[in-house]
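The structure appears below as C-alpha cells.
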There are 2 protein chains.
Amino acid sequence: MKIAVDNTATLEELGAAAQAIGVEIPVVVELNVGMNRAGVEPGSTAVALAGAVHEQDGLRLAGMMAWEGHTLDIQDDDARAGAIQQCIGQLAASVQAGRDAGLPVEIVSCGGSGTMDVTMHQPEVTEIQAGGAIFGDATYQMWGVPTDPALFGQAVVTSRPAPDRIITDAGFKTLPGMERQPKAVSLDNVVNISASAEHGVITLSEPNTSVQVGDVLDFIVGYGDATVFLHDAMYGVRDGIVETVWQVSGRGKLR
Amino acid sequence: MKIAVDNTATLEELGAAAQAIGVEIPVVVELNVGMNRAGVEPGSTAVALAGAVHEQDGLRLAGMMAWEGHTLDIQDDDARAGAIQQCIGQLAASVQAGRDAGLPVEIVSCGGSGTMDVTMHQPEVTEIQAGGAIFGDATYQMWGVPTDPALFGQAVVTSRPAPDRIITDAGFKTLPGMERQPKAVSLDNVVNISASAEHGVITLSEPNTSVQVGDVLDFIVGYGDATVFLHDAMYGVRDGIVETVWQVSGRGKLR
C-alpha cells in the first residue's frame with residue numbers, strides 16, 4: 001500500500017504515525033496536471049514536496065503520480081490524445097527534475113481506464129491506475145473504453161401502469177443514473193430510464209404489453225463507481241451459475 | 001403496515017401469501033394523479049381495483065392513496081396550490097365513487113413534505129405522507145418546506161491546493177449532490193461544491209487561507225433521501241453531546 005500526499009501537514013502526521021508503530025510508509029507525491037482537484041503544481045513545487053517526503057522519518061519517497069481526468073470530456077480523439085500527452089509531459093518533467101535533484105523517484109503513475117489507451121504508450125510512465133474499465137459500464141463505454149459489460153443489476157417489474165411505461169423496484173439506491181443511465185439488456189424501444197429513491201421508471205417509444213409485473217430485467221449499470229458501494233455483495237456468475245460472492249467490504253467505511 | 005397496489009397480479013400474490021400464513025393485510029389502492037409513475041388511473045379503474053381488493057381473501061381494503069410529486073417543480077405558489085388541489089380532487093372523486101359503490105374506503109392518503117402545506121387543508125384527506133421535511137435539507141428548502149436543518153454531514157479537509165479551492169474526503173459516496181448540493185455551515189464565499197467518488201471540491205469566490213488541512217467542516221446535506229442510505233448510522237446530537245445512535249437498518253436491503 002502507498003499513500004499519495006500533496007501537502008506537508010499530512011506528511012508530518014503520516015511520518016509521526018509510521019514512526020509510532022515502527023513502519024516505513026511508501027509515499028507518492030500527487031501532482032495537479034490540469035484537473036484542478038487535489039495535487040501540487042508540477043515542477044519546482046512538486047520537487048520540493050518530494051524532497052520533504054524524502055527527508056521525513058517514517059516515510060519513503062516512492063514516486064510521483066497524476067490523474068488527467070479532465071481530458072475524458074474531450075470528444076476529438078487527436079485533441080484528447082494531445083491533451084493527455086501534455087499532462088503526462090508535466091508529470092515526466094517533474095519526475096526528471098526530481099531525479100536531477102538526486103531524489104529516488106521510481107514510480108511514475110498516472111492514467112485511468114479512460115486515458116490508458118494513450119498513457120500506456122508514454123515511455124516515462126511506470127504504472128497505470130486503470131480500474132473501472134473492468135466493468136465495461138455505460139459511462140466507460142461513453143468514454144470509449146473497449147471492455148465488455150461485466151457488472152449487471154437486476155430489477156423486478158412492480159407496475160405496468162401504461163403500455164409505454166414500466167415501473168421497477170430499482171431506483172437511485174440500486175441502479176443510479178449518475179453520469180449515465182443504466183442500460184436495459186433485453187428491452188427494446190427504451191427512451192429513458194429515470195430513478196426515484198425506490199422506483200425505476202422506464203419510458204418506451206412503442207407500446208409493450210409483453211413485459212409483466214413480476215418479470216426480472218437485467219441492466220448494464222450506468223456507472224460502476226457510483227453503483228458498487230450501494231450494495232453489500234457482488235455475485236460472480238459464469239454460464240448462468242453463481243460461482244462466488246464478493247462482499248463489498250469497503251462499503252460504508254466513511255468515518 | 002399497509003401495502004399499496006396498482007395491479008391485480010400483486011393483489012392475488014399478496015392475498016395468497018396472507019392466507020398461507022393466516023393474516024389479513026390492509027391494502028390501499030395507489031392512484032396516478034399526474035406524476036406518471038406507478039398508480040392506476042383515477043375514477044372507474046381505481047374503483048374496480050378497490051373492488052378487487054375488497055373481494056380478495058387475505059386482504060382488507062383500507063383506502064386509496066396518491067402522490068402529487070410532479071407539482072413540486074411548479075414555482076408560482078398559486079399555480080402550485082391549484083395543481084395540488086386538482087390532484088387531490090381526482091383522489092377525492094375516486095374515493096367518493098368507491099364509497100358510492102359500497103366499498104369501505106377509509107384512508108384517503110396523499111401528500112409529502114413539499115405539498116403538505118396545501119394537502120393538509122383538503123377536507124377529504126385523512127392522512128399526509130410527509131417525512132423528508134424532518135431533515136430540512138437543501139432540497140426540501142428549495143421546495144419551500146419551512147423546517148430547520150437537522151441532518152448534517154462532516155468532512156475533513158484533505159488538501160488546500162489553491163486559495164480558492166478546498167478538497168475534502170466527502171465525495172458522492174458521503175455527501176451526494178443529487179437534486180441539490182450540500183451547504184457548508186460555516187464557510188463563506190462558496191461558489192460550488194462538486195463531488196467525485198471520494199473527493200469533495202469546494203470552489204470559493206475569494207481566497208481563503210484560514211481553512212487548513214485536517215479541519216472538519218459541517219454541511220447541511222443536499223438531499224436526505226439520497227444521503228441517509230449511504231451511511232450505517234445517524235448520530236443524535238443535542239447541545240454538542242451525542243445522545244443516541246440510530247442504525248440505518250434498511251440500508252442495503254435491496255434483494
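Chain identifiers are assigned as A, B, and so on, following the order in which chains appear in the C-alpha cells; residues are numbered from 1 within each chain, and ligands are numbered from 1 in order of appearance.
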Give me, as JSON lines, the closest atom pair and its distance (Å, one decimal) for every residue of chain A within a cut-off of 10 Å of chain B, counting only C-alpha atoms, rows sorted by chain and rising number.
{"residue": "A:Val5", "atom": "CA", "partner": "B:Ser159", "partner_atom": "CA", "distance": 8.6}
{"residue": "A:Asp6", "atom": "CA", "partner": "B:Ser159", "partner_atom": "CA", "distance": 6.8}
{"residue": "A:Asn7", "atom": "CA", "partner": "B:Ser159", "partner_atom": "CA", "distance": 6.8}
{"residue": "A:Thr8", "atom": "CA", "partner": "B:Val213", "partner_atom": "CA", "distance": 9.3}
{"residue": "A:Ala9", "atom": "CA", "partner": "B:Val213", "partner_atom": "CA", "distance": 6.7}
{"residue": "A:Thr10", "atom": "CA", "partner": "B:Val213", "partner_atom": "CA", "distance": 7.5}
{"residue": "A:Leu31", "atom": "CA", "partner": "B:Pro161", "partner_atom": "CA", "distance": 9.8}
{"residue": "A:Asn32", "atom": "CA", "partner": "B:Pro161", "partner_atom": "CA", "distance": 8.5}
{"residue": "A:Asn36", "atom": "CA", "partner": "B:Pro161", "partner_atom": "CA", "distance": 8.3}
{"residue": "A:Arg37", "atom": "CA", "partner": "B:Val201", "partner_atom": "CA", "distance": 6.5}
{"residue": "A:Ala38", "atom": "CA", "partner": "B:Pro161", "partner_atom": "CA", "distance": 6.0}
{"residue": "A:Gly39", "atom": "CA", "partner": "B:Pro161", "partner_atom": "CA", "distance": 6.2}
{"residue": "A:Val40", "atom": "CA", "partner": "B:Pro161", "partner_atom": "CA", "distance": 6.1}
{"residue": "A:Glu41", "atom": "CA", "partner": "B:Pro161", "partner_atom": "CA", "distance": 8.1}
{"residue": "A:Gln154", "atom": "CA", "partner": "B:Arg255", "partner_atom": "CA", "distance": 9.1}
{"residue": "A:Ala155", "atom": "CA", "partner": "B:Arg255", "partner_atom": "CA", "distance": 9.1}
{"residue": "A:Val156", "atom": "CA", "partner": "B:Arg255", "partner_atom": "CA", "distance": 9.9}
{"residue": "A:Thr158", "atom": "CA", "partner": "B:Thr10", "partner_atom": "CA", "distance": 8.0}
{"residue": "A:Ser159", "atom": "CA", "partner": "B:Ala38", "partner_atom": "CA", "distance": 6.2}
{"residue": "A:Arg160", "atom": "CA", "partner": "B:Ala38", "partner_atom": "CA", "distance": 7.6}
{"residue": "A:Pro161", "atom": "CA", "partner": "B:Ala38", "partner_atom": "CA", "distance": 5.9}
{"residue": "A:Ala162", "atom": "CA", "partner": "B:Val40", "partner_atom": "CA", "distance": 8.9}
{"residue": "A:Arg165", "atom": "CA", "partner": "B:Arg37", "partner_atom": "CA", "distance": 8.0}
{"residue": "A:Ile166", "atom": "CA", "partner": "B:Ala38", "partner_atom": "CA", "distance": 8.6}
{"residue": "A:Ile167", "atom": "CA", "partner": "B:Ala38", "partner_atom": "CA", "distance": 6.4}
{"residue": "A:Thr168", "atom": "CA", "partner": "B:Ala38", "partner_atom": "CA", "distance": 9.3}
{"residue": "A:Asp169", "atom": "CA", "partner": "B:Leu254", "partner_atom": "CA", "distance": 8.9}
{"residue": "A:Ala170", "atom": "CA", "partner": "B:Leu254", "partner_atom": "CA", "distance": 8.4}
{"residue": "A:Phe172", "atom": "CA", "partner": "B:Ala226", "partner_atom": "CA", "distance": 7.9}
{"residue": "A:Lys173", "atom": "CA", "partner": "B:Phe229", "partner_atom": "CA", "distance": 7.6}
{"residue": "A:Thr174", "atom": "CA", "partner": "B:Leu254", "partner_atom": "CA", "distance": 7.0}
{"residue": "A:Met178", "atom": "CA", "partner": "B:Met178", "partner_atom": "CA", "distance": 8.7}
{"residue": "A:Ser196", "atom": "CA", "partner": "B:Asp225", "partner_atom": "CA", "distance": 9.4}
{"residue": "A:Ala197", "atom": "CA", "partner": "B:Asp225", "partner_atom": "CA", "distance": 7.0}
{"residue": "A:Glu198", "atom": "CA", "partner": "B:Leu254", "partner_atom": "CA", "distance": 9.6}
{"residue": "A:His199", "atom": "CA", "partner": "B:Arg37", "partner_atom": "CA", "distance": 8.2}
{"residue": "A:Gly200", "atom": "CA", "partner": "B:Arg37", "partner_atom": "CA", "distance": 8.7}
{"residue": "A:Val201", "atom": "CA", "partner": "B:Arg37", "partner_atom": "CA", "distance": 6.5}
{"residue": "A:Ile202", "atom": "CA", "partner": "B:Arg37", "partner_atom": "CA", "distance": 9.3}
{"residue": "A:Thr203", "atom": "CA", "partner": "B:Arg37", "partner_atom": "CA", "distance": 9.9}
{"residue": "A:Gln212", "atom": "CA", "partner": "B:Ala9", "partner_atom": "CA", "distance": 8.9}
{"residue": "A:Val213", "atom": "CA", "partner": "B:Ala9", "partner_atom": "CA", "distance": 6.7}
{"residue": "A:Gly214", "atom": "CA", "partner": "B:Thr10", "partner_atom": "CA", "distance": 8.1}
{"residue": "A:Asp225", "atom": "CA", "partner": "B:Ala197", "partner_atom": "CA", "distance": 7.0}
{"residue": "A:Ala226", "atom": "CA", "partner": "B:Ala197", "partner_atom": "CA", "distance": 7.3}
{"residue": "A:Thr227", "atom": "CA", "partner": "B:Lys173", "partner_atom": "CA", "distance": 9.7}
{"residue": "A:Phe229", "atom": "CA", "partner": "B:Lys173", "partner_atom": "CA", "distance": 7.6}
{"residue": "A:Leu230", "atom": "CA", "partner": "B:Gly252", "partner_atom": "CA", "distance": 6.7}
{"residue": "A:His231", "atom": "CA", "partner": "B:Gly252", "partner_atom": "CA", "distance": 5.8}
{"residue": "A:Asp232", "atom": "CA", "partner": "B:Gly252", "partner_atom": "CA", "distance": 6.2}
{"residue": "A:Ala233", "atom": "CA", "partner": "B:Gly252", "partner_atom": "CA", "distance": 9.4}
{"residue": "A:Arg251", "atom": "CA", "partner": "B:Leu230", "partner_atom": "CA", "distance": 8.7}
{"residue": "A:Gly252", "atom": "CA", "partner": "B:His231", "partner_atom": "CA", "distance": 5.8}
{"residue": "A:Lys253", "atom": "CA", "partner": "B:His231", "partner_atom": "CA", "distance": 8.5}
{"residue": "A:Leu254", "atom": "CA", "partner": "B:Thr174", "partner_atom": "CA", "distance": 7.0}
{"residue": "A:Arg255", "atom": "CA", "partner": "B:Gln154", "partner_atom": "CA", "distance": 9.1}
Which of region 20-255 of chain B fall in strand (DSSP E), as a ChimeraX atom specification:
/B:25-31,59-66,107-110,127-128,152-162,165-168,183-184,190-195,200-204,216-220,233-238,241-247
Based on DSSP run over this structure's backbone, return all residues of region 48-182 of chain A in helix (DSSP H, G or I), as an NGL selection string.
:A and (48-55 or 69-73 or 77-100 or 116-119 or 132-135 or 138-142)
Write out as a VMD selection string which residues come within 10 Å of Gln86 (chain B) when counting only C-alpha atoms, dropping same-chain ones fewer than 5 positions away.
chain B and resid 33 to 34 68 80 to 81 91 to 92
Go ahead and save the picked residues with C-alpha atoms, as a PDB file, in the first residue's frame.
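Once written, result-v2.pdb looks like this:
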ATOM      1  CA  VAL B  33     -52.921  11.755 -10.373  1.00  0.00           C
ATOM      2  CA  GLY B  34     -50.410  13.160 -12.846  1.00  0.00           C
ATOM      3  CA  GLU B  68     -48.768  14.516  -6.449  1.00  0.00           C
ATOM      4  CA  ARG B  80     -48.739  25.037  -7.417  1.00  0.00           C
ATOM      5  CA  ALA B  81     -51.616  25.099  -4.922  1.00  0.00           C
ATOM      6  CA  LEU B  91     -58.279  11.279  -5.491  1.00  0.00           C
ATOM      7  CA  ALA B  92     -61.332  12.526  -3.589  1.00  0.00           C
TER       8      ALA B  92
END
Near Val108 (chain B), counting only C-alpha atoms, which residues have an atom at most 9 Å away, once you skip same-chain residues fewer than 3 positions from it, shown as a count of residues only?
14
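Among the candidate residues B:Thr209, B:Met234, B:Gln181, B:Gly89, the one lying nearest to Ala150 (chain B) is B:Met234, with distances computed using only C-alpha atoms.
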Taking 6 positions as the minimum chain separation for residues in the same chain, which residues sit within 8 Å of Pro176 (chain A) when counting only C-alpha atoms? Answer as a list in words.
Pro182, Ala195, Val221, Gly222, Tyr223, Ala226 and Thr227 of chain A
Write to file, as a short mmCIF file (atom, residue, chain, number, x, y, z; two decimals), in the first residue's frame, the residues of the selection just made, with all heavy atoms.
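Below is the file that was written, result.cif:
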data_model
loop_
_atom_site.label_atom_id
_atom_site.label_comp_id
_atom_site.auth_asym_id
_atom_site.auth_seq_id
_atom_site.Cartn_x
_atom_site.Cartn_y
_atom_site.Cartn_z
N PRO A 182 -28.47 3.46 -16.46
CA PRO A 182 -28.28 2.04 -16.74
C PRO A 182 -28.90 1.69 -18.09
O PRO A 182 -29.76 2.42 -18.59
CB PRO A 182 -29.04 1.34 -15.59
CG PRO A 182 -29.97 2.37 -15.05
CD PRO A 182 -29.36 3.71 -15.31
N ALA A 195 -34.93 7.51 -12.22
CA ALA A 195 -34.91 6.81 -10.94
C ALA A 195 -35.34 7.73 -9.82
O ALA A 195 -34.74 8.77 -9.59
CB ALA A 195 -33.50 6.28 -10.65
N VAL A 221 -24.94 -1.59 -15.62
CA VAL A 221 -25.01 -0.45 -14.71
C VAL A 221 -24.55 0.81 -15.42
O VAL A 221 -23.74 0.78 -16.36
CB VAL A 221 -24.21 -0.67 -13.41
CG1 VAL A 221 -24.62 -1.97 -12.73
CG2 VAL A 221 -22.72 -0.62 -13.68
N GLY A 222 -25.07 1.95 -14.97
CA GLY A 222 -24.73 3.23 -15.59
C GLY A 222 -23.29 3.63 -15.32
O GLY A 222 -22.60 4.16 -16.18
N TYR A 223 -22.84 3.39 -14.11
CA TYR A 223 -21.51 3.85 -13.68
C TYR A 223 -21.11 3.00 -12.47
O TYR A 223 -21.65 3.18 -11.39
CB TYR A 223 -21.58 5.34 -13.33
CG TYR A 223 -20.27 6.05 -13.07
CD1 TYR A 223 -19.08 5.64 -13.68
CD2 TYR A 223 -20.23 7.16 -12.24
CE1 TYR A 223 -17.90 6.31 -13.44
CE2 TYR A 223 -19.04 7.85 -12.01
CZ TYR A 223 -17.89 7.42 -12.61
OH TYR A 223 -16.71 8.10 -12.38
N ALA A 226 -20.34 4.55 -9.15
CA ALA A 226 -21.47 5.08 -8.40
C ALA A 226 -22.46 4.00 -8.01
O ALA A 226 -23.52 4.29 -7.46
CB ALA A 226 -22.19 6.16 -9.23
N THR A 227 -22.11 2.74 -8.25
CA THR A 227 -23.06 1.65 -8.02
C THR A 227 -22.56 0.63 -7.00
O THR A 227 -23.29 0.23 -6.09
CB THR A 227 -23.38 0.92 -9.34
OG1 THR A 227 -23.85 1.87 -10.30
CG2 THR A 227 -24.45 -0.15 -9.13
#
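Shortest atom-to-atom contact with Val211 (chain B) among B:Gly240, B:Pro123, B:Pro163, B:Gly112: B:Pro163, counting only C-alpha atoms.
Proximity to Gly58 (chain A) at 9 Å, evaluated using only C-alpha atoms and with sequence-adjacent residues fewer than 4 positions away removed, yields Leu14, Gly15, Ala16, Ala17, Ala18, Gln19, Ala20, Gly22, Val23, Glu24, Ile25 and Pro26 of chain A.
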Include N, CA and C atoms and write out the residues we just selected as a JSON list (two decimals), in the first residue's frame.
[["chain", "number", "residue", "atom", "x", "y", "z"],
["A", 14, "LEU", "N", 1.67, 11.65, 8.88],
["A", 14, "LEU", "CA", 1.93, 10.29, 8.40],
["A", 14, "LEU", "C", 3.27, 9.78, 8.94],
["A", 15, "GLY", "N", 4.28, 10.63, 8.86],
["A", 15, "GLY", "CA", 5.60, 10.23, 9.34],
["A", 15, "GLY", "C", 5.58, 9.91, 10.82],
["A", 16, "ALA", "N", 4.90, 10.74, 11.59],
["A", 16, "ALA", "CA", 4.81, 10.51, 13.03],
["A", 16, "ALA", "C", 4.08, 9.21, 13.33],
["A", 17, "ALA", "N", 2.99, 8.98, 12.59],
["A", 17, "ALA", "CA", 2.22, 7.75, 12.81],
["A", 17, "ALA", "C", 3.05, 6.52, 12.45],
["A", 18, "ALA", "N", 3.78, 6.62, 11.34],
["A", 18, "ALA", "CA", 4.61, 5.49, 10.91],
["A", 18, "ALA", "C", 5.68, 5.19, 11.95],
["A", 19, "GLN", "N", 6.33, 6.24, 12.45],
["A", 19, "GLN", "CA", 7.37, 6.03, 13.46],
["A", 19, "GLN", "C", 6.79, 5.44, 14.75],
["A", 20, "ALA", "N", 5.57, 5.89, 15.10],
["A", 20, "ALA", "CA", 4.96, 5.42, 16.35],
["A", 20, "ALA", "C", 4.76, 3.91, 16.34],
["A", 22, "GLY", "N", 6.50, 1.93, 14.13],
["A", 22, "GLY", "CA", 7.71, 1.29, 13.65],
["A", 22, "GLY", "C", 7.68, 0.76, 12.24],
["A", 23, "VAL", "N", 6.98, 1.46, 11.37],
["A", 23, "VAL", "CA", 6.98, 1.05, 9.97],
["A", 23, "VAL", "C", 7.46, 2.22, 9.10],
["A", 24, "GLU", "N", 7.69, 1.94, 7.83],
["A", 24, "GLU", "CA", 8.03, 2.98, 6.86],
["A", 24, "GLU", "C", 6.99, 2.93, 5.75],
["A", 25, "ILE", "N", 6.34, 4.04, 5.51],
["A", 25, "ILE", "CA", 5.25, 4.08, 4.53],
["A", 25, "ILE", "C", 5.77, 4.63, 3.20],
["A", 26, "PRO", "N", 5.55, 3.89, 2.12],
["A", 26, "PRO", "CA", 5.90, 4.43, 0.79],
["A", 26, "PRO", "C", 4.91, 5.53, 0.41]]
Find the spatial neighbours of Val118 (chain A), counting only C-alpha atoms, within a cut-off of 10 Å - ignore same-chain residues fewer than 6 positions away - and output them as a ChimeraX atom specification.
/A:80-82,84-85,88,111
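Interatomic distance, CA of Gly236 (chain B) against CA of Leu151 (chain B): 9.4 Å.
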